[in-house]
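K.L.:
The structure file model30.tsv (TSV, C-alpha atoms and all ligand atoms) is provided below.
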```
chain	number	residue	atom	x	y	z
A	1	MET	CA	11.72	9.51	10.30
A	2	VAL	CA	10.32	9.37	6.79
A	3	ILE	CA	12.39	7.03	4.62
A	4	SER	CA	11.74	5.42	1.26
A	5	SER	CA	9.55	2.34	0.92
A	6	ALA	CA	12.40	0.56	-0.84
A	7	ARG	CA	14.66	0.92	2.20
A	8	LEU	CA	12.01	-0.57	4.48
A	9	MET	CA	11.30	-3.34	1.98
A	10	LYS	CA	14.96	-4.26	1.47
A	11	ARG	CA	15.24	-4.85	5.22
A	12	ALA	CA	12.03	-6.88	5.13
A	13	SER	CA	13.10	-8.87	2.10
A	14	ASN	CA	16.45	-9.78	3.68
A	15	GLU	CA	14.81	-10.88	6.91
A	16	GLY	CA	11.81	-12.72	5.44
A	17	TYR	CA	8.93	-10.49	6.48
A	18	ALA	CA	6.77	-7.92	4.69
A	19	ILE	CA	6.00	-4.27	5.33
A	20	PRO	CA	2.28	-3.57	5.61
A	21	ALA	CA	1.09	-0.56	3.60
A	22	PHE	CA	-2.01	1.16	4.92
A	23	ASN	CA	-4.18	3.51	2.88
A	24	ILE	CA	-5.38	6.49	4.86
A	25	ASP	CA	-8.29	8.79	3.97
A	26	ASN	CA	-8.34	11.54	6.58
A	27	LEU	CA	-7.12	12.70	9.97
A	28	GLU	CA	-8.80	9.85	11.83
A	29	SER	CA	-7.26	7.08	9.75
A	30	ALA	CA	-3.89	8.86	9.98
A	31	MET	CA	-4.31	8.96	13.77
A	32	ALA	CA	-5.04	5.24	13.83
A	33	VAL	CA	-1.84	4.42	11.93
A	34	SER	CA	0.24	6.84	13.98
A	35	GLU	CA	-1.07	5.51	17.31
A	36	VAL	CA	-0.28	1.95	16.28
A	37	MET	CA	3.28	2.92	15.27
A	38	HIS	CA	3.70	4.61	18.66
A	39	GLU	CA	2.37	1.54	20.49
A	40	MET	CA	4.10	-1.21	18.50
A	41	ARG	CA	7.26	0.66	17.45
A	42	ILE	CA	7.09	-0.96	14.04
A	43	PRO	CA	7.63	0.72	10.63
A	44	VAL	CA	4.80	0.75	8.10
A	45	ILE	CA	4.10	2.41	4.77
A	46	VAL	CA	1.40	5.09	4.86
A	47	GLN	CA	-0.15	5.56	1.45
A	48	MET	CA	-2.79	7.50	-0.41
A	49	ILE	CA	-4.45	7.07	-3.78
A	50	PRO	CA	-4.93	10.09	-6.08
A	51	ARG	CA	-8.64	10.26	-5.18
A	52	THR	CA	-7.67	10.72	-1.52
A	53	LEU	CA	-5.21	13.48	-2.44
A	54	ASN	CA	-7.99	15.21	-4.38
A	55	TYR	CA	-10.20	14.92	-1.30
A	56	GLY	CA	-7.85	16.37	1.32
A	57	GLY	CA	-5.07	18.06	-0.66
A	58	VAL	CA	-1.67	16.67	-1.64
A	59	ALA	CA	0.25	18.57	1.05
A	60	MET	CA	-2.26	17.83	3.83
A	61	TYR	CA	-1.43	14.15	4.37
A	62	PRO	CA	2.36	14.44	4.81
A	63	ALA	CA	1.76	17.44	7.10
A	64	MET	CA	-0.67	15.43	9.25
A	65	MET	CA	1.69	12.47	9.48
A	66	ARG	CA	4.69	14.66	10.34
A	67	GLU	CA	2.71	16.29	13.15
A	68	LEU	CA	1.34	12.98	14.46
A	69	MET	CA	4.77	11.26	14.32
A	70	ALA	CA	6.88	14.20	15.57
A	71	ASP	CA	7.61	12.52	18.91
A	72	CYS	CA	8.02	8.96	17.55
A	73	PRO	CA	11.40	7.57	16.47
A	74	VAL	CA	9.93	4.84	14.22
A	75	ASP	CA	10.81	4.98	10.51
A	76	TYR	CA	7.92	5.02	8.08
A	77	ALA	CA	7.32	5.80	4.41
A	78	LEU	CA	4.87	8.17	2.75
A	79	HIS	CA	3.80	6.61	-0.52
A	80	LEU	CA	1.66	7.62	-3.49
A	81	ASP	CA	-0.45	4.56	-4.34
A	82	HIS	CA	-1.58	4.10	-7.98
A	83	GLY	CA	-0.09	7.35	-9.23
A	84	SER	CA	-0.93	7.99	-12.85
A	85	SER	CA	1.38	10.77	-13.99
A	86	LEU	CA	4.88	12.18	-13.57
A	87	ALA	CA	3.29	15.54	-12.65
A	88	LEU	CA	1.43	14.05	-9.67
A	89	ALA	CA	4.56	12.17	-8.56
A	90	GLN	CA	6.48	15.46	-8.65
A	91	ARG	CA	3.82	17.27	-6.59
A	92	CYS	CA	3.85	14.48	-4.02
A	93	ILE	CA	7.64	14.46	-3.76
A	94	ALA	CA	7.65	18.24	-3.31
A	95	SER	CA	5.23	17.75	-0.40
A	96	GLY	CA	7.43	15.19	1.36
A	97	PHE	CA	6.43	11.80	-0.05
A	98	SER	CA	9.34	9.36	0.15
A	99	SER	CA	7.93	6.91	-2.36
A	100	VAL	CA	5.66	6.98	-5.40
A	101	MET	CA	3.93	4.41	-7.55
A	102	PHE	CA	3.47	4.82	-11.24
A	103	ASP	CA	0.77	2.43	-12.39
A	104	GLY	CA	1.13	1.89	-16.11
A	105	SER	CA	-0.38	-1.59	-16.00
A	106	ALA	CA	-3.28	-0.61	-18.27
A	107	MET	CA	-0.81	0.61	-20.94
A	108	SER	CA	1.06	-1.43	-23.52
A	109	PHE	CA	4.30	-2.94	-22.20
A	110	GLU	CA	6.37	-0.39	-24.16
A	111	ASP	CA	4.38	2.60	-22.87
A	112	ASN	CA	4.48	1.23	-19.33
A	113	VAL	CA	8.30	1.03	-19.60
A	114	LYS	CA	8.55	4.51	-21.11
A	115	TYR	CA	6.35	6.38	-18.61
A	116	THR	CA	7.56	4.44	-15.58
A	117	LYS	CA	11.15	5.27	-16.52
A	118	GLU	CA	10.30	8.98	-16.65
A	119	VAL	CA	9.27	8.70	-12.99
A	120	THR	CA	12.32	6.67	-11.91
A	121	ASP	CA	14.65	9.09	-13.73
A	122	PHE	CA	13.12	11.94	-11.72
A	123	ALA	CA	12.60	10.28	-8.33
A	124	LEU	CA	15.52	7.90	-7.70
A	125	PRO	CA	18.23	10.62	-7.57
A	126	MET	CA	16.22	12.20	-4.71
A	127	ASP	CA	16.19	8.91	-2.73
A	128	VAL	CA	12.48	8.54	-3.43
A	129	SER	CA	11.62	4.98	-4.36
A	130	VAL	CA	9.36	4.08	-7.28
A	131	GLU	CA	6.89	1.19	-7.43
A	132	GLY	CA	5.94	-0.01	-10.89
A	133	GLU	CA	3.14	-2.37	-11.83
A	134	LEU	CA	3.13	-5.17	-14.34
A	135	GLY	CA	0.26	-7.54	-15.00
A	136	THR	CA	-3.33	-6.91	-13.98
A	137	ILE	CA	-4.71	-6.65	-10.47
A	138	GLY	CA	-8.46	-7.22	-10.53
A	139	GLY	CA	-11.22	-4.99	-9.27
A	140	LYS	CA	-11.15	-1.53	-10.75
A	141	GLU	CA	-8.40	-2.47	-13.15
A	142	GLU	CA	-10.13	-5.64	-14.24
A	143	GLY	CA	-10.63	-6.15	-17.97
A	144	ASP	CA	-12.21	-9.56	-18.49
A	145	SER	CA	-12.43	-12.86	-16.67
A	146	ASP	CA	-9.28	-14.40	-18.18
A	147	MET	CA	-7.18	-14.27	-15.00
A	148	GLU	CA	-4.34	-16.45	-16.34
A	149	ALA	CA	-3.59	-13.84	-19.00
A	150	SER	CA	-3.29	-11.17	-16.33
A	151	TYR	CA	-0.61	-12.92	-14.27
A	152	THR	CA	2.73	-11.17	-14.47
A	153	GLY	CA	5.17	-13.17	-16.57
A	154	VAL	CA	8.64	-13.95	-15.22
A	155	SER	CA	10.62	-12.87	-18.28
A	156	GLU	CA	8.57	-9.68	-18.77
A	157	ALA	CA	9.17	-8.82	-15.10
A	158	GLU	CA	12.91	-9.26	-15.65
A	159	GLU	CA	12.83	-7.03	-18.72
A	160	PHE	CA	10.60	-4.43	-17.02
A	161	VAL	CA	12.82	-3.93	-13.96
A	162	ARG	CA	15.97	-3.90	-16.10
A	163	ARG	CA	14.62	-1.21	-18.43
A	164	THR	CA	12.77	0.96	-15.87
A	165	ASN	CA	15.04	0.58	-12.83
A	166	VAL	CA	11.97	0.52	-10.53
A	167	SER	CA	12.75	0.12	-6.83
A	168	THR	CA	9.82	-2.22	-6.20
A	169	LEU	CA	7.31	-4.05	-8.38
A	170	ALA	CA	3.57	-4.74	-7.96
A	171	ILE	CA	2.65	-7.99	-9.66
A	172	GLY	CA	-0.57	-9.57	-10.83
A	173	VAL	CA	-1.01	-12.99	-9.22
A	174	GLY	CA	-4.80	-13.24	-8.96
A	175	THR	CA	-5.59	-10.58	-6.35
A	176	ALA	CA	-8.27	-7.91	-6.82
A	177	HIS	CA	-9.01	-4.52	-5.30
A	178	GLY	CA	-12.14	-3.97	-3.22
A	179	ILE	CA	-14.34	-6.79	-2.01
A	180	TYR	CA	-13.90	-10.31	-3.44
A	181	LYS	CA	-17.00	-11.78	-5.03
A	182	GLY	CA	-15.82	-15.41	-4.97
A	183	GLU	CA	-12.93	-17.31	-3.40
A	184	PRO	CA	-9.72	-15.63	-4.63
A	185	LYS	CA	-7.16	-17.95	-6.26
A	186	ILE	CA	-3.68	-16.61	-5.66
A	187	ASN	CA	-0.82	-17.92	-7.78
A	188	VAL	CA	1.75	-18.26	-4.99
A	189	ARG	CA	4.09	-20.22	-7.26
A	190	ARG	CA	4.28	-17.29	-9.67
A	191	ILE	CA	5.35	-15.01	-6.79
A	192	LYS	CA	8.15	-17.46	-6.01
A	193	GLU	CA	9.23	-17.71	-9.65
A	194	ILE	CA	9.41	-13.92	-10.04
A	195	HIS	CA	11.16	-13.54	-6.67
A	196	GLU	CA	13.80	-16.07	-7.72
A	197	ALA	CA	14.33	-14.31	-11.06
A	198	ILE	CA	14.66	-10.69	-9.86
A	199	SER	CA	16.03	-9.06	-6.71
A	200	THR	CA	13.52	-6.17	-6.85
A	201	PRO	CA	11.20	-6.33	-3.81
A	202	LEU	CA	7.66	-7.41	-4.75
A	203	VAL	CA	4.34	-5.83	-3.80
A	204	LEU	CA	0.93	-7.47	-3.32
A	205	HIS	CA	-2.15	-5.32	-3.98
A	206	GLY	CA	-5.75	-6.24	-3.19
A	207	ALA	CA	-4.97	-8.08	0.05
A	208	SER	CA	-8.16	-7.15	1.89
A	209	GLY	CA	-10.21	-10.32	2.13
A	210	LEU	CA	-7.30	-12.77	1.74
A	211	SER	CA	-6.98	-15.24	4.63
A	212	ASP	CA	-4.11	-14.93	7.09
A	213	GLU	CA	-2.76	-18.22	5.77
A	214	VAL	CA	-2.68	-17.02	2.14
A	215	LEU	CA	-0.97	-13.80	3.21
A	216	ARG	CA	1.71	-15.81	5.06
A	217	ASP	CA	2.20	-18.02	1.99
A	218	CYS	CA	2.66	-14.92	-0.19
A	219	ILE	CA	5.27	-13.51	2.22
A	220	ALA	CA	7.11	-16.84	2.33
A	221	ALA	CA	7.10	-16.87	-1.50
A	222	GLY	CA	8.77	-13.44	-1.65
A	223	ILE	CA	6.27	-10.59	-1.17
A	224	SER	CA	7.83	-7.66	0.75
A	225	LYS	CA	4.92	-5.19	0.86
A	226	ILE	CA	1.21	-5.86	1.28
A	227	ASN	CA	-1.41	-3.16	0.65
A	228	PHE	CA	-4.50	-2.87	2.84
A	229	ALA	CA	-7.25	-0.37	2.06
A	230	THR	CA	-10.76	-1.82	1.85
A	231	GLU	CA	-10.68	-3.54	5.24
A	232	LEU	CA	-9.53	-0.32	6.90
A	233	ARG	CA	-12.38	1.67	5.34
A	234	GLN	CA	-14.85	-1.00	6.47
A	235	ALA	CA	-13.44	-0.90	10.02
A	236	TYR	CA	-13.67	2.88	10.03
A	237	THR	CA	-17.32	2.93	8.98
A	238	ASN	CA	-18.33	0.02	11.21
A	239	GLY	CA	-16.69	1.77	14.16
A	240	ILE	CA	-18.84	4.86	13.62
A	241	LYS	CA	-21.99	2.77	13.16
A	242	ALA	CA	-21.32	0.99	16.46
A	243	GLU	CA	-21.01	4.34	18.25
A	244	PHE	CA	-24.39	5.47	16.93
A	245	GLU	CA	-25.93	2.18	17.94
A	246	LYS	CA	-24.57	2.67	21.45
A	247	ASP	CA	-25.89	6.23	21.60
A	248	PRO	CA	-28.10	7.46	18.75
A	249	GLU	CA	-28.06	10.97	20.27
A	250	VAL	CA	-24.26	11.39	20.10
A	251	PHE	CA	-23.34	14.53	18.17
A	252	ASP	CA	-19.69	15.26	19.01
A	253	PRO	CA	-17.46	13.87	16.21
A	254	LYS	CA	-14.61	13.52	18.70
A	255	ILE	CA	-16.67	10.87	20.49
A	256	TYR	CA	-17.91	8.75	17.60
A	257	MET	CA	-14.69	9.16	15.57
A	258	ARG	CA	-12.83	7.59	18.51
A	259	GLY	CA	-14.83	4.44	17.78
A	260	ALA	CA	-13.68	4.54	14.17
A	261	ILE	CA	-10.04	5.04	15.13
A	262	ASP	CA	-10.08	2.20	17.66
A	263	ASN	CA	-11.76	-0.13	15.19
A	264	ILE	CA	-9.17	0.62	12.47
A	265	LYS	CA	-6.38	0.05	15.01
A	266	GLU	CA	-7.55	-3.51	15.66
A	267	VAL	CA	-7.26	-4.32	11.94
A	268	LEU	CA	-3.88	-2.57	11.65
A	269	LYS	CA	-2.45	-4.56	14.55
A	270	ALA	CA	-3.71	-7.85	13.14
A	271	LYS	CA	-2.17	-7.12	9.71
A	272	ILE	CA	1.12	-5.98	11.25
A	273	LYS	CA	1.36	-9.25	13.17
A	274	ILE	CA	0.85	-11.27	9.98
A	275	CYS	CA	3.29	-9.21	7.91
A	276	TYR	CA	6.02	-9.22	10.55
A	277	GLY	CA	5.40	-12.80	11.62
A	278	LEU	CA	4.80	-11.77	15.25
A	301	ZN	ZN	-3.63	-1.38	-5.69
```
For this file, produce the structure as structure tokens.
P.N.:
Amino acid sequence: MVISSARLMKRASNEGYAIPAFNIDNLESAMAVSEVMHEMRIPVIVQMIPRTLNYGGVAMYPAMMRELMADCPVDYALHLDHGSSLALAQRCIASGFSSVMFDGSAMSFEDNVKYTKEVTDFALPMDVSVEGELGTIGGKEEGDSDMEASYTGVSEAEEFVRRTNVSTLAIGVGTAHGIYKGEPKINVRRIKEIHEAISTPLVLHGASGLSDEVLRDCIAAGISKINFATELRQAYTNGIKAEFEKDPEVFDPKIYMRGAIDNIKEVLKAKIKICYGL
């Protein structure tokens, strides 16, 4: 059953684990996530960025997941990752998303509050949870090299959740999207400080490339959702490459895509085990 991310994360937060959130791109990555939920019987968050929705169509992804999960009793969430407008959030909700992010982290604090609140005012009455973002997560959102300045402050986090009523909050603690160039320095203490100050479940972006140990430390400090995207895309592509190496003459996508799906599944299972402490 599709339920909101916040409901899954509240359970996780109370019991000291985190919900893994997996970005899908197409039918094959959706199949990988669905097969793993069937096999492990464990809830996850399935999410898509706006670029993915432009690629396959907003309504396509919930329809695929509904079809793939029709015979599976496991709860999961359908989440818009890095949404950038109320209009897109509304389109996603109309198509069956149970959770949306509004990323106003590049805006001024006041604008971030204002536009995030427009989304919570619309979504929360429909039992759709809203993830806000405060502070800077590196990679595409990166401004300059002053990482300390981009850490989410404790008092601004308190004020932000009070004024926006967000269900969950993505925080900047030194992570970056994409592939890390150097050794990432994650401010685990800041996670703990924010977690102690607010009851809103916390989200970690840019987790691809962090060691298992760092991920466990982040969960212990109070992270309830961890996003994985880059590593899944790498596994997908490497899986296809391996199939062509095995048989350069292969031409049936159903054959070489199976390699991609199986390769993604290995990564999904490993991340699930870390997040759930299995
Ligand atoms: Zn992100």
K.L.:
Could you work out how far CA of Leu86 in chain A lies from CA of Val119 in chain A, giving the answer in Å with one decimal?
P.N.:
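Value for the CA of Val119 in chain A-CA of Leu86 in chain A distance: 5.6 Å.
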K.L.:
Restricting the calculation to all atoms listed in the file: of A:Arg189, A:Lys181, A:Lys114, A:His82, which residue gets closest to ligand ZN 301 (chain A)?
P.N.:
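The shortest atom-to-atom distance to ligand ZN 301 (chain A) comes from A:His82.
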K.L.:
Using all atoms listed in the file, find each residue in chain A having at least one atom no more than 8 Å away from ligand ZN 301 (chain A); report its shortest atom-to-atom pair and that distance in Å (one decimal), rows by chain then rising number, as JSON lines.
P.N.:
```
{"residue": "A:Asp81", "atom": "CA", "partner": "A:ZN301", "partner_atom": "ZN", "distance": 6.9}
{"residue": "A:His82", "atom": "CA", "partner": "A:ZN301", "partner_atom": "ZN", "distance": 6.3}
{"residue": "A:Ile137", "atom": "CA", "partner": "A:ZN301", "partner_atom": "ZN", "distance": 7.2}
{"residue": "A:His177", "atom": "CA", "partner": "A:ZN301", "partner_atom": "ZN", "distance": 6.2}
{"residue": "A:Leu204", "atom": "CA", "partner": "A:ZN301", "partner_atom": "ZN", "distance": 8.0}
{"residue": "A:His205", "atom": "CA", "partner": "A:ZN301", "partner_atom": "ZN", "distance": 4.5}
{"residue": "A:Gly206", "atom": "CA", "partner": "A:ZN301", "partner_atom": "ZN", "distance": 5.9}
{"residue": "A:Asn227", "atom": "CA", "partner": "A:ZN301", "partner_atom": "ZN", "distance": 6.9}
```
K.L.:
Find, counting all atoms listed in the file, the residue in A:Gly153, A:Gly96, A:Pro201, A:Gly209 that gets nearest to Met60 in chain A.
P.N.:
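That would be A:Gly96, the residue with the smallest distance to Met60 in chain A.
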K.L.:
Measuring atom to atom with all atoms listed in the file, identify which of A:Phe244, A:Phe97, A:Tyr55, A:Phe160 is nearest to Ile198 in chain A.
P.N.:
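Checking each candidate against Ile198 in chain A, we get A:Phe160 as the closest.
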K.L.:
Work out where the centre of an axis-aligned box around every listed atom of range 235-238 of chain A lies and how long its edges are once 5 Å is added on each side; give both in Å to one decimal as AutoDock Vina command-line options.
P.N.:
```
--center_x -15.9 --center_y 1.0 --center_z 10.1 --size_x 14.9 --size_y 13.8 --size_z 12.2
```
K.L.:
Quick one: everything within 10 Å of range 257-260 of chain A, counting only C-alpha atoms, minus sequence neighbours fewer than 3 positions away in the same chain. Send it as a PyMOL selection string.
P.N.:
chain A and resi 28-29+31-32+232-244+252-254+263-265
K.L.:
Measuring between all atoms listed in the file, which one of A:Leu210, A:Ser99, A:Thr116, A:Arg216 shows the shortest distance to Val128 in chain A?
P.N.:
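Closest to Val128 in chain A, using all atoms listed in the file: A:Ser99.
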K.L.:
Please provide the set of residues having any atom within 12 Å of Ile42 in chain A, restricted to only C-alpha atoms, with same-chain residues fewer than 6 positions apart removed, written as a ChimeraX atom specification.
P.N.:
/A:8,12,18-20,33-36,72-77,268-269,271-273,275-276,278
K.L.:
What is the CA of Tyr61 in chain A to CA of Ser5 in chain A distance in Å?
P.N.:
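A separation of 16.5 Å between them.
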K.L.:
Go ahead and compute the interatomic distance for CA of Cys92 in chain A and CA of Ile49 in chain A, in Å to one decimal.
P.N.:
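If I compute the distance from CA of Cys92 in chain A to CA of Ile49 in chain A, I get 11.1 Å.
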K.L.:
Counting only C-alpha atoms, figure out which residue out of A:Arg51, A:Arg163, A:Arg190, A:Arg91 gets nearest to Glu110 in chain A.
P.N.:
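For Glu110 in chain A, the nearest of the given residues is A:Arg163.
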